[in-house]
>>> print(open('upload_20.tsv').read())   # TSV, N, CA and C atoms
chain	number	residue	atom	x	y	z
L	1350	MET	N	56.82	-5.11	-50.79
L	1350	MET	CA	56.47	-5.54	-49.45
L	1350	MET	C	56.47	-7.06	-49.42
L	1351	HIS	N	57.12	-7.59	-48.44
L	1351	HIS	CA	57.26	-9.04	-48.31
L	1351	HIS	C	56.33	-9.55	-47.23
L	1352	VAL	N	55.48	-10.52	-47.57
L	1352	VAL	CA	54.53	-11.10	-46.63
L	1352	VAL	C	55.08	-12.44	-46.17
L	1353	THR	N	55.19	-12.60	-44.87
L	1353	THR	CA	55.73	-13.84	-44.34
L	1353	THR	C	54.66	-14.92	-44.34
L	1354	GLN	N	55.12	-16.14	-44.19
L	1354	GLN	CA	54.20	-17.27	-44.15
L	1354	GLN	C	53.30	-17.18	-42.92
L	1355	PHE	N	53.84	-16.66	-41.82
L	1355	PHE	CA	53.05	-16.51	-40.60
L	1355	PHE	C	51.89	-15.54	-40.81
L	1356	GLU	N	52.15	-14.42	-41.51
L	1356	GLU	CA	51.10	-13.43	-41.77
L	1356	GLU	C	50.04	-14.03	-42.71
L	1357	THR	N	50.48	-14.77	-43.72
L	1357	THR	CA	49.55	-15.39	-44.64
L	1357	THR	C	48.68	-16.40	-43.92
L	1358	ARG	N	49.31	-17.20	-43.05
L	1358	ARG	CA	48.56	-18.21	-42.28
L	1358	ARG	C	47.55	-17.54	-41.35
L	1359	GLY	N	47.92	-16.39	-40.76
L	1359	GLY	CA	47.01	-15.66	-39.88
L	1359	GLY	C	45.80	-15.15	-40.63
L	1360	CYS	N	46.00	-14.66	-41.85
L	1360	CYS	CA	44.87	-14.19	-42.68
L	1360	CYS	C	43.97	-15.35	-43.05
L	1361	LEU	N	44.57	-16.48	-43.38
L	1361	LEU	CA	43.77	-17.66	-43.73
L	1361	LEU	C	42.95	-18.13	-42.53
L	1362	ASP	N	43.56	-18.09	-41.34
L	1362	ASP	CA	42.82	-18.49	-40.14
L	1362	ASP	C	41.64	-17.55	-39.89
L	1363	LEU	N	41.87	-16.23	-40.09
L	1363	LEU	CA	40.81	-15.25	-39.90
L	1363	LEU	C	39.67	-15.49	-40.90
L	1364	LEU	N	40.02	-15.72	-42.16
L	1364	LEU	CA	39.01	-15.98	-43.18
L	1364	LEU	C	38.27	-17.28	-42.88
L	1365	ASN	N	39.01	-18.26	-42.42
L	1365	ASN	CA	38.40	-19.55	-42.09
L	1365	ASN	C	37.42	-19.40	-40.93
L	1366	ASP	N	37.79	-18.59	-39.91
L	1366	ASP	CA	36.89	-18.35	-38.78
L	1366	ASP	C	35.62	-17.63	-39.23
L	1367	GLU	N	35.77	-16.62	-40.09
L	1367	GLU	CA	34.60	-15.89	-40.59
L	1367	GLU	C	33.70	-16.82	-41.41
L	1368	ARG	N	34.33	-17.66	-42.21
L	1368	ARG	CA	33.58	-18.61	-43.03
L	1368	ARG	C	32.79	-19.57	-42.14
L	1369	LYS	N	33.44	-20.05	-41.07
L	1369	LYS	CA	32.76	-20.95	-40.15
L	1369	LYS	C	31.59	-20.26	-39.46
L	1370	ASP	N	31.77	-18.98	-39.09
L	1370	ASP	CA	30.68	-18.24	-38.45
L	1370	ASP	C	29.49	-18.10	-39.39
L	1371	ILE	N	29.74	-17.74	-40.62
L	1371	ILE	CA	28.66	-17.57	-41.59
L	1371	ILE	C	27.99	-18.91	-41.87
L	1372	LEU	N	28.81	-19.93	-42.09
L	1372	LEU	CA	28.24	-21.25	-42.38
L	1372	LEU	C	27.50	-21.83	-41.19
L	1373	SER	N	28.03	-21.62	-39.98
L	1373	SER	CA	27.33	-22.15	-38.81
L	1373	SER	C	26.01	-21.41	-38.61
L	1374	SER	N	25.98	-20.11	-38.89
L	1374	SER	CA	24.71	-19.35	-38.80
L	1374	SER	C	23.71	-19.87	-39.82
L	1375	MET	N	24.19	-20.11	-41.04
L	1375	MET	CA	23.30	-20.65	-42.08
L	1375	MET	C	22.81	-22.04	-41.70
L	1376	ASP	N	23.71	-22.87	-41.17
L	1376	ASP	CA	23.32	-24.21	-40.77
L	1376	ASP	C	22.28	-24.18	-39.65
L	1377	GLU	N	22.45	-23.27	-38.68
L	1377	GLU	CA	21.47	-23.14	-37.61
L	1377	GLU	C	20.12	-22.70	-38.16
L	1378	PHE	N	20.14	-21.75	-39.09
L	1378	PHE	CA	18.91	-21.27	-39.71
L	1378	PHE	C	18.20	-22.41	-40.45
L	1379	ILE	N	18.96	-23.18	-41.20
L	1379	ILE	CA	18.39	-24.29	-41.96
L	1379	ILE	C	17.87	-25.37	-41.02
L	1380	GLU	N	18.55	-25.60	-39.91
L	1380	GLU	CA	18.07	-26.58	-38.94
L	1380	GLU	C	16.74	-26.14	-38.33
L	1381	LYS	N	16.60	-24.83	-38.08
L	1381	LYS	CA	15.33	-24.32	-37.55
L	1381	LYS	C	14.22	-24.49	-38.59
L	1382	ILE	N	14.55	-24.27	-39.84
L	1382	ILE	CA	13.57	-24.49	-40.91
L	1382	ILE	C	13.21	-25.97	-40.97
L	1383	GLN	N	14.18	-26.84	-40.78
L	1383	GLN	CA	13.90	-28.29	-40.77
L	1383	GLN	C	12.95	-28.65	-39.64
L	1384	HIS	N	13.13	-28.01	-38.47
L	1384	HIS	CA	12.22	-28.26	-37.35
L	1384	HIS	C	10.81	-27.78	-37.70
L	1385	LEU	N	10.71	-26.60	-38.27
L	1385	LEU	CA	9.40	-26.08	-38.69
L	1385	LEU	C	8.78	-26.97	-39.76
L	1386	LYS	N	9.62	-27.55	-40.59
L	1386	LYS	CA	9.13	-28.45	-41.63
L	1386	LYS	C	8.42	-29.64	-41.00
L	1387	GLY	N	8.95	-30.12	-39.91
L	1387	GLY	CA	8.30	-31.23	-39.21
L	1387	GLY	C	6.94	-30.84	-38.67
L	1388	VAL	N	6.83	-29.64	-38.12
L	1388	VAL	CA	5.55	-29.16	-37.62
L	1388	VAL	C	4.57	-28.99	-38.78
L	1389	MET	N	5.04	-28.39	-39.87
L	1389	MET	CA	4.18	-28.18	-41.02
L	1389	MET	C	3.76	-29.51	-41.66
L	1390	LEU	N	4.62	-30.50	-41.60
L	1390	LEU	CA	4.26	-31.82	-42.11
L	1390	LEU	C	3.12	-32.40	-41.28
L	1391	GLY	N	3.17	-32.20	-39.97
L	1391	GLY	CA	2.07	-32.66	-39.12
L	1391	GLY	C	0.76	-31.97	-39.45
L	1392	VAL	N	0.83	-30.66	-39.67
L	1392	VAL	CA	-0.37	-29.91	-40.05
L	1392	VAL	C	-0.88	-30.40	-41.40
L	1393	SER	N	0.02	-30.61	-42.33
L	1393	SER	CA	-0.35	-31.07	-43.66
L	1393	SER	C	-1.00	-32.45	-43.60
L	1394	LEU	N	-0.42	-33.35	-42.83
L	1394	LEU	CA	-1.00	-34.70	-42.71
L	1394	LEU	C	-2.37	-34.66	-42.03
L	1395	SER	N	-2.52	-33.77	-41.05
L	1395	SER	CA	-3.84	-33.68	-40.41
L	1395	SER	C	-4.87	-33.17	-41.42
L	1396	ALA	N	-4.46	-32.25	-42.28
L	1396	ALA	CA	-5.37	-31.77	-43.32
L	1396	ALA	C	-5.73	-32.89	-44.29
L	1397	LEU	N	-4.75	-33.73	-44.60
L	1397	LEU	CA	-4.99	-34.82	-45.55
L	1397	LEU	C	-5.85	-35.93	-44.94
L	1398	ILE	N	-5.92	-35.99	-43.62
L	1398	ILE	CA	-6.73	-37.03	-42.97
L	1398	ILE	C	-8.09	-36.47	-42.54
L	1399	LEU	N	-8.06	-35.33	-41.84
L	1399	LEU	CA	-9.30	-34.81	-41.26
L	1399	LEU	C	-10.22	-34.14	-42.27
L	1400	ALA	N	-9.67	-33.45	-43.25
L	1400	ALA	CA	-10.52	-32.77	-44.23
L	1400	ALA	C	-11.37	-33.76	-45.03
L	1401	PRO	N	-10.79	-34.83	-45.58
L	1401	PRO	CA	-11.64	-35.78	-46.29
L	1401	PRO	C	-12.69	-36.42	-45.38
L	1402	LEU	N	-12.32	-36.65	-44.12
L	1402	LEU	CA	-13.27	-37.22	-43.17
L	1402	LEU	C	-14.45	-36.26	-42.96
L	1403	ALA	N	-14.17	-34.99	-42.78
L	1403	ALA	CA	-15.24	-33.99	-42.61
L	1403	ALA	C	-16.10	-33.88	-43.87
L	1404	ILE	N	-15.47	-33.96	-45.02
L	1404	ILE	CA	-16.22	-33.90	-46.29
L	1404	ILE	C	-17.14	-35.11	-46.42
L	1405	ILE	N	-16.63	-36.28	-46.12
L	1405	ILE	CA	-17.43	-37.51	-46.24
L	1405	ILE	C	-18.62	-37.48	-45.28
L	1406	ILE	N	-18.38	-37.08	-44.03
L	1406	ILE	CA	-19.47	-37.03	-43.06
L	1406	ILE	C	-20.50	-35.98	-43.47
L	1407	SER	N	-20.04	-34.83	-43.91
L	1407	SER	CA	-20.97	-33.77	-44.33
L	1407	SER	C	-21.81	-34.21	-45.52
L	1408	LEU	N	-21.16	-34.82	-46.51
L	1408	LEU	CA	-21.91	-35.30	-47.68
L	1408	LEU	C	-22.90	-36.40	-47.30
L	1409	TYR	N	-22.50	-37.25	-46.38
L	1409	TYR	CA	-23.42	-38.30	-45.92
L	1409	TYR	C	-24.65	-37.68	-45.27
L	1410	LEU	N	-24.43	-36.68	-44.41
L	1410	LEU	CA	-25.56	-36.04	-43.74
L	1410	LEU	C	-26.47	-35.31	-44.73
L	1411	VAL	N	-25.87	-34.60	-45.67
L	1411	VAL	CA	-26.66	-33.83	-46.64
L	1411	VAL	C	-27.49	-34.75	-47.52
L	1412	THR	N	-26.98	-35.90	-47.86
L	1412	THR	CA	-27.70	-36.81	-48.77
L	1412	THR	C	-28.59	-37.81	-48.03
L	1413	HIS	N	-28.54	-37.83	-46.71
L	1413	HIS	CA	-29.35	-38.77	-45.94
L	1413	HIS	C	-30.82	-38.32	-45.97
L	1414	PRO	N	-31.74	-39.25	-46.22
L	1414	PRO	CA	-33.16	-38.88	-46.33
L	1414	PRO	C	-33.74	-38.26	-45.05
L	1415	LYS	N	-33.33	-38.74	-43.89
L	1415	LYS	CA	-33.87	-38.21	-42.64
L	1415	LYS	C	-33.36	-36.78	-42.39
L	1416	PHE	N	-32.20	-36.46	-42.93
L	1416	PHE	CA	-31.68	-35.11	-42.79
L	1416	PHE	C	-32.57	-34.14	-43.56
L	1417	LEU	N	-32.98	-34.54	-44.75
L	1417	LEU	CA	-33.87	-33.68	-45.55
L	1417	LEU	C	-35.22	-33.49	-44.85
L	1418	LEU	N	-35.71	-34.54	-44.18
L	1418	LEU	CA	-36.95	-34.41	-43.41
L	1418	LEU	C	-36.77	-33.45	-42.23
L	1419	LEU	N	-35.64	-33.54	-41.57
L	1419	LEU	CA	-35.34	-32.64	-40.46
L	1419	LEU	C	-35.32	-31.18	-40.92
L	1420	ILE	N	-34.72	-30.94	-42.06
L	1420	ILE	CA	-34.67	-29.58	-42.60
L	1420	ILE	C	-36.07	-29.07	-42.92
L	1421	GLU	N	-36.92	-29.93	-43.45
L	1421	GLU	CA	-38.29	-29.52	-43.77
L	1421	GLU	C	-39.11	-29.24	-42.51
L	1422	GLN	N	-38.91	-30.07	-41.47
L	1422	GLN	CA	-39.69	-29.92	-40.24
L	1422	GLN	C	-39.22	-28.74	-39.39
L	1423	GLU	N	-37.95	-28.55	-39.29
L	1423	GLU	CA	-37.37	-27.49	-38.45
L	1423	GLU	C	-36.78	-26.43	-39.36
L	1424	SER	N	-37.57	-25.45	-39.73
L	1424	SER	CA	-37.13	-24.49	-40.75
L	1424	SER	C	-35.93	-23.67	-40.33
L	1425	ASP	N	-35.97	-22.97	-39.19
L	1425	ASP	CA	-34.83	-22.12	-38.79
L	1425	ASP	C	-33.60	-22.96	-38.45
L	1426	PHE	N	-33.84	-24.00	-37.63
L	1426	PHE	CA	-32.73	-24.88	-37.26
L	1426	PHE	C	-32.19	-25.61	-38.49
L	1427	GLY	N	-33.06	-26.04	-39.36
L	1427	GLY	CA	-32.66	-26.74	-40.58
L	1427	GLY	C	-31.80	-25.87	-41.48
L	1428	ILE	N	-32.18	-24.60	-41.61
L	1428	ILE	CA	-31.39	-23.68	-42.44
L	1428	ILE	C	-30.02	-23.46	-41.82
L	1429	LEU	N	-29.99	-23.27	-40.49
L	1429	LEU	CA	-28.72	-23.09	-39.80
L	1429	LEU	C	-27.84	-24.33	-39.95
L	1430	LEU	N	-28.42	-25.49	-39.82
L	1430	LEU	CA	-27.67	-26.74	-39.97
L	1430	LEU	C	-27.14	-26.89	-41.40
L	1431	MET	N	-27.96	-26.56	-42.37
L	1431	MET	CA	-27.52	-26.64	-43.77
L	1431	MET	C	-26.37	-25.67	-44.03
L	1432	VAL	N	-26.47	-24.46	-43.50
L	1432	VAL	CA	-25.40	-23.46	-43.66
L	1432	VAL	C	-24.11	-23.98	-43.02
L	1433	MET	N	-24.23	-24.56	-41.82
L	1433	MET	CA	-23.05	-25.11	-41.15
L	1433	MET	C	-22.40	-26.22	-41.97
L	1434	LEU	N	-23.21	-27.08	-42.55
L	1434	LEU	CA	-22.65	-28.17	-43.36
L	1434	LEU	C	-22.00	-27.65	-44.63
L	1435	VAL	N	-22.59	-26.65	-45.25
L	1435	VAL	CA	-21.99	-26.07	-46.45
L	1435	VAL	C	-20.67	-25.40	-46.09
L	1436	VAL	N	-20.65	-24.66	-44.98
L	1436	VAL	CA	-19.40	-24.03	-44.52
L	1436	VAL	C	-18.35	-25.09	-44.22
L	1437	THR	N	-18.77	-26.18	-43.60
L	1437	THR	CA	-17.84	-27.28	-43.31
L	1437	THR	C	-17.29	-27.88	-44.60
L	1438	LEU	N	-18.14	-28.08	-45.58
L	1438	LEU	CA	-17.69	-28.63	-46.87
L	1438	LEU	C	-16.69	-27.69	-47.54
L	1439	VAL	N	-17.01	-26.43	-47.60
L	1439	VAL	CA	-16.13	-25.46	-48.27
L	1439	VAL	C	-14.80	-25.34	-47.51
L	1440	THR	N	-14.88	-25.21	-46.19
L	1440	THR	CA	-13.66	-25.09	-45.39
L	1440	THR	C	-12.80	-26.35	-45.50
L	1441	SER	N	-13.42	-27.50	-45.45
L	1441	SER	CA	-12.67	-28.76	-45.57
L	1441	SER	C	-12.04	-28.90	-46.95
L	1442	GLY	N	-12.75	-28.47	-47.98
L	1442	GLY	CA	-12.18	-28.51	-49.32
L	1442	GLY	C	-10.95	-27.61	-49.44
L	1443	ILE	N	-11.07	-26.40	-48.89
L	1443	ILE	CA	-9.92	-25.48	-48.91
L	1443	ILE	C	-8.78	-26.06	-48.09
L	1444	TRP	N	-9.09	-26.62	-46.94
L	1444	TRP	CA	-8.09	-27.22	-46.07
L	1444	TRP	C	-7.40	-28.39	-46.75
L	1445	LEU	N	-8.16	-29.19	-47.47
L	1445	LEU	CA	-7.59	-30.33	-48.19
L	1445	LEU	C	-6.65	-29.87	-49.29
L	1446	ILE	N	-7.08	-28.88	-50.06
L	1446	ILE	CA	-6.22	-28.34	-51.14
L	1446	ILE	C	-4.95	-27.73	-50.56
L	1447	ALA	N	-5.10	-26.95	-49.48
L	1447	ALA	CA	-3.93	-26.34	-48.84
L	1447	ALA	C	-2.99	-27.42	-48.30
L	1448	GLY	N	-3.56	-28.48	-47.71
L	1448	GLY	CA	-2.73	-29.57	-47.20
L	1448	GLY	C	-1.97	-30.29	-48.30
L	1449	LEU	N	-2.62	-30.51	-49.43
L	1449	LEU	CA	-1.94	-31.15	-50.57
L	1449	LEU	C	-0.82	-30.27	-51.10
L	1450	ARG	N	-1.09	-28.97	-51.23
L	1450	ARG	CA	-0.06	-28.05	-51.72
L	1450	ARG	C	1.11	-27.97	-50.73
L	1451	GLN	N	0.80	-27.90	-49.45
L	1451	GLN	CA	1.84	-27.84	-48.42
L	1451	GLN	C	2.67	-29.11	-48.42
L	1452	PHE	N	2.02	-30.25	-48.53
L	1452	PHE	CA	2.73	-31.53	-48.55
L	1452	PHE	C	3.67	-31.59	-49.75
L	1453	ASN	N	3.19	-31.15	-50.91
L	1453	ASN	CA	4.01	-31.11	-52.11
L	1453	ASN	C	5.21	-30.17	-51.91
L	1454	SER	N	4.95	-29.02	-51.34
L	1454	SER	CA	6.00	-28.04	-51.10
L	1454	SER	C	7.05	-28.59	-50.12
L	1455	LEU	N	6.60	-29.29	-49.09
L	1455	LEU	CA	7.53	-29.87	-48.13
L	1455	LEU	C	8.39	-30.96	-48.76
L	1456	ASN	N	7.81	-31.73	-49.65
L	1456	ASN	CA	8.60	-32.75	-50.36
L	1456	ASN	C	9.68	-32.10	-51.22
L	1457	LYS	N	9.32	-31.01	-51.90
L	1457	LYS	CA	10.31	-30.31	-52.72
L	1457	LYS	C	11.41	-29.72	-51.84
L	1458	TRP	N	11.03	-29.14	-50.70
L	1458	TRP	CA	12.01	-28.59	-49.78
L	1458	TRP	C	12.95	-29.69	-49.29
L	1459	ASN	N	12.40	-30.84	-48.97
L	1459	ASN	CA	13.20	-31.96	-48.48
L	1459	ASN	C	14.24	-32.37	-49.52
L	1460	ASN	N	13.83	-32.45	-50.79
L	1460	ASN	CA	14.77	-32.80	-51.85
L	1460	ASN	C	15.87	-31.74	-52.00
L	1461	ARG	N	15.47	-30.47	-51.95
L	1461	ARG	CA	16.46	-29.39	-52.07
L	1461	ARG	C	17.40	-29.39	-50.87
L	1462	TYR	N	16.89	-29.69	-49.69
L	1462	TYR	CA	17.72	-29.71	-48.49
L	1462	TYR	C	18.77	-30.81	-48.58
L	1463	TYR	N	18.39	-31.99	-49.01
L	1463	TYR	CA	19.37	-33.08	-49.13
L	1463	TYR	C	20.37	-32.80	-50.25
L	1464	ASN	N	19.94	-32.15	-51.32
L	1464	ASN	CA	20.89	-31.73	-52.35
L	1464	ASN	C	21.87	-30.71	-51.80
L	1465	TYR	N	21.36	-29.77	-50.98
L	1465	TYR	CA	22.23	-28.78	-50.34
L	1465	TYR	C	23.27	-29.46	-49.47
L	1466	LEU	N	22.85	-30.44	-48.67
L	1466	LEU	CA	23.80	-31.14	-47.79
L	1466	LEU	C	24.87	-31.86	-48.60
L	1467	LYS	N	24.47	-32.50	-49.69
L	1467	LYS	CA	25.45	-33.20	-50.54
L	1467	LYS	C	26.44	-32.22	-51.15
L	1468	LYS	N	25.93	-31.12	-51.71
L	1468	LYS	CA	26.81	-30.13	-52.34
L	1468	LYS	C	27.72	-29.47	-51.31
L	1469	LYS	N	27.20	-29.23	-50.12
L	1469	LYS	CA	28.01	-28.63	-49.05
L	1469	LYS	C	29.16	-29.56	-48.69
L	1470	GLU	N	28.85	-30.83	-48.53
L	1470	GLU	CA	29.89	-31.81	-48.19
L	1470	GLU	C	30.93	-31.91	-49.32
L	1471	GLN	N	30.47	-31.93	-50.57
L	1471	GLN	CA	31.41	-31.98	-51.69
L	1471	GLN	C	32.28	-30.74	-51.74
L	1472	LEU	N	31.69	-29.57	-51.49
L	1472	LEU	CA	32.45	-28.32	-51.51
L	1472	LEU	C	33.46	-28.29	-50.38
L	1473	GLU	N	33.06	-28.73	-49.20
L	1473	GLU	CA	34.00	-28.77	-48.08
L	1473	GLU	C	35.16	-29.72	-48.36
L	1474	GLN	N	34.87	-30.86	-48.95
L	1474	GLN	CA	35.94	-31.79	-49.30
L	1474	GLN	C	36.85	-31.21	-50.37
L	1475	SER	N	36.27	-30.54	-51.34
L	1475	SER	CA	37.05	-29.93	-52.41
L	1475	SER	C	37.97	-28.84	-51.86
L	1476	ILE	N	37.44	-28.00	-50.99
L	1476	ILE	CA	38.26	-26.92	-50.41
L	1476	ILE	C	39.33	-27.50	-49.52
L	1477	SER	N	38.98	-28.50	-48.71
L	1477	SER	CA	39.97	-29.12	-47.84
L	1477	SER	C	41.10	-29.76	-48.61
L	1478	SER	N	40.76	-30.46	-49.68
L	1478	SER	CA	41.81	-31.12	-50.47
L	1478	SER	C	42.62	-30.11	-51.28
L	1479	GLN	N	41.98	-29.04	-51.75
L	1479	GLN	CA	42.68	-28.05	-52.56
L	1479	GLN	C	43.68	-27.26	-51.71
L	1480	TYR	N	43.35	-26.95	-50.47
L	1480	TYR	CA	44.22	-26.12	-49.64
L	1480	TYR	C	44.88	-26.92	-48.52
L	1481	ASP	N	44.79	-28.22	-48.60
L	1481	ASP	CA	45.39	-29.11	-47.61
L	1481	ASP	C	45.00	-28.74	-46.18
L	1482	LEU	N	43.71	-28.47	-45.98
L	1482	LEU	CA	43.21	-28.14	-44.64
L	1482	LEU	C	42.86	-29.43	-43.92
L	1483	ASP	N	43.11	-29.44	-42.63
L	1483	ASP	CA	42.81	-30.62	-41.82
L	1483	ASP	C	41.32	-30.64	-41.52
L	1484	GLU	N	40.76	-31.83	-41.46
L	1484	GLU	CA	39.37	-31.99	-41.05
L	1484	GLU	C	39.30	-31.77	-39.55
L	1485	GLU	N	38.32	-31.03	-39.10
L	1485	GLU	CA	38.17	-30.76	-37.65
L	1485	GLU	C	37.00	-31.52	-37.11
>>> encode(input="upload_20.tsv", output="structure tokens")
Amino acid sequence: MHVTQFETRGCLDLLNDERKDILSSMDEFIEKIQHLKGVMLGVSLSALILAPLAIIISLYLVTHPKFLLLIEQESDFGILLMVMLVVTLVTSGIWLIAGLRQFNSLNKWNNRYYNYLKKKEQLEQSISSQYDLDEE
């Protein structure tokens, strides 16, 4: 069976179109992840700023001498206030740790994303030069 150049070119065009569809879908997916990364970076930065602030204020209140007098004078309210401050300290500590881990994870993702872009560009150039495809 003899395959003409026209038939071969048609198959290559079909494969090229399928490749573009898959790659464009992957690129769209990665771009959406990049957008979410920006939102998560904002959440992470808020955790890195607000959690230490909440911890510092809570520790200041707990160690302040007038706070201890308030707890002694107002037993029910003092216990409730102490519980709230302990919950704030624990929650802020967890939030701070989660923010640090998320920030670290986002930095790693950013490095992998830029490596992906470089490798993608190199691969596209390699394929284009190997098969003499025109840049579009």
>>> atom_distance(input="upload_20.tsv", atom1="atom N of Val1388 in chain L", atom2="atom N of Gln1471 in chain L")
26.8 Å
>>> closest_atom_pairs(input="upload_20.tsv", of="range 1359-1426 of chain L", to="range 1434-1449 of chain L", cutoff="6 Å", atoms="all atoms listed in the file", output="JSON lines")
{"residue": "L:Ser1393", "atom": "CA", "partner": "L:Gly1448", "partner_atom": "CA", "distance": 4.5}
{"residue": "L:Ala1396", "atom": "C", "partner": "L:Leu1445", "partner_atom": "CA", "distance": 5.0}
{"residue": "L:Leu1397", "atom": "N", "partner": "L:Gly1448", "partner_atom": "CA", "distance": 5.3}
{"residue": "L:Ala1400", "atom": "CA", "partner": "L:Ser1441", "partner_atom": "CA", "distance": 4.7}
{"residue": "L:Ile1404", "atom": "CA", "partner": "L:Leu1438", "partner_atom": "CA", "distance": 5.5}
{"residue": "L:Ser1407", "atom": "CA", "partner": "L:Leu1434", "partner_atom": "CA", "distance": 5.9}
>>> atom_distance(input="upload_20.tsv", atom1="CA of Leu1430 in chain L", atom2="CA of Ile1406 in chain L")
13.5 Å
>>> atom_distance(input="upload_20.tsv", atom1="atom N of Glu1470 in chain L", atom2="atom C of Leu1385 in chain L")
22.2 Å
>>> residues_around(input="upload_20.tsv", residues="Lys1469 in chain L", least_positions_apart="6", cutoff="10 Å", atoms="only C-alpha atoms", output="ChimeraX atom specification")
/L:1372,1463,1475
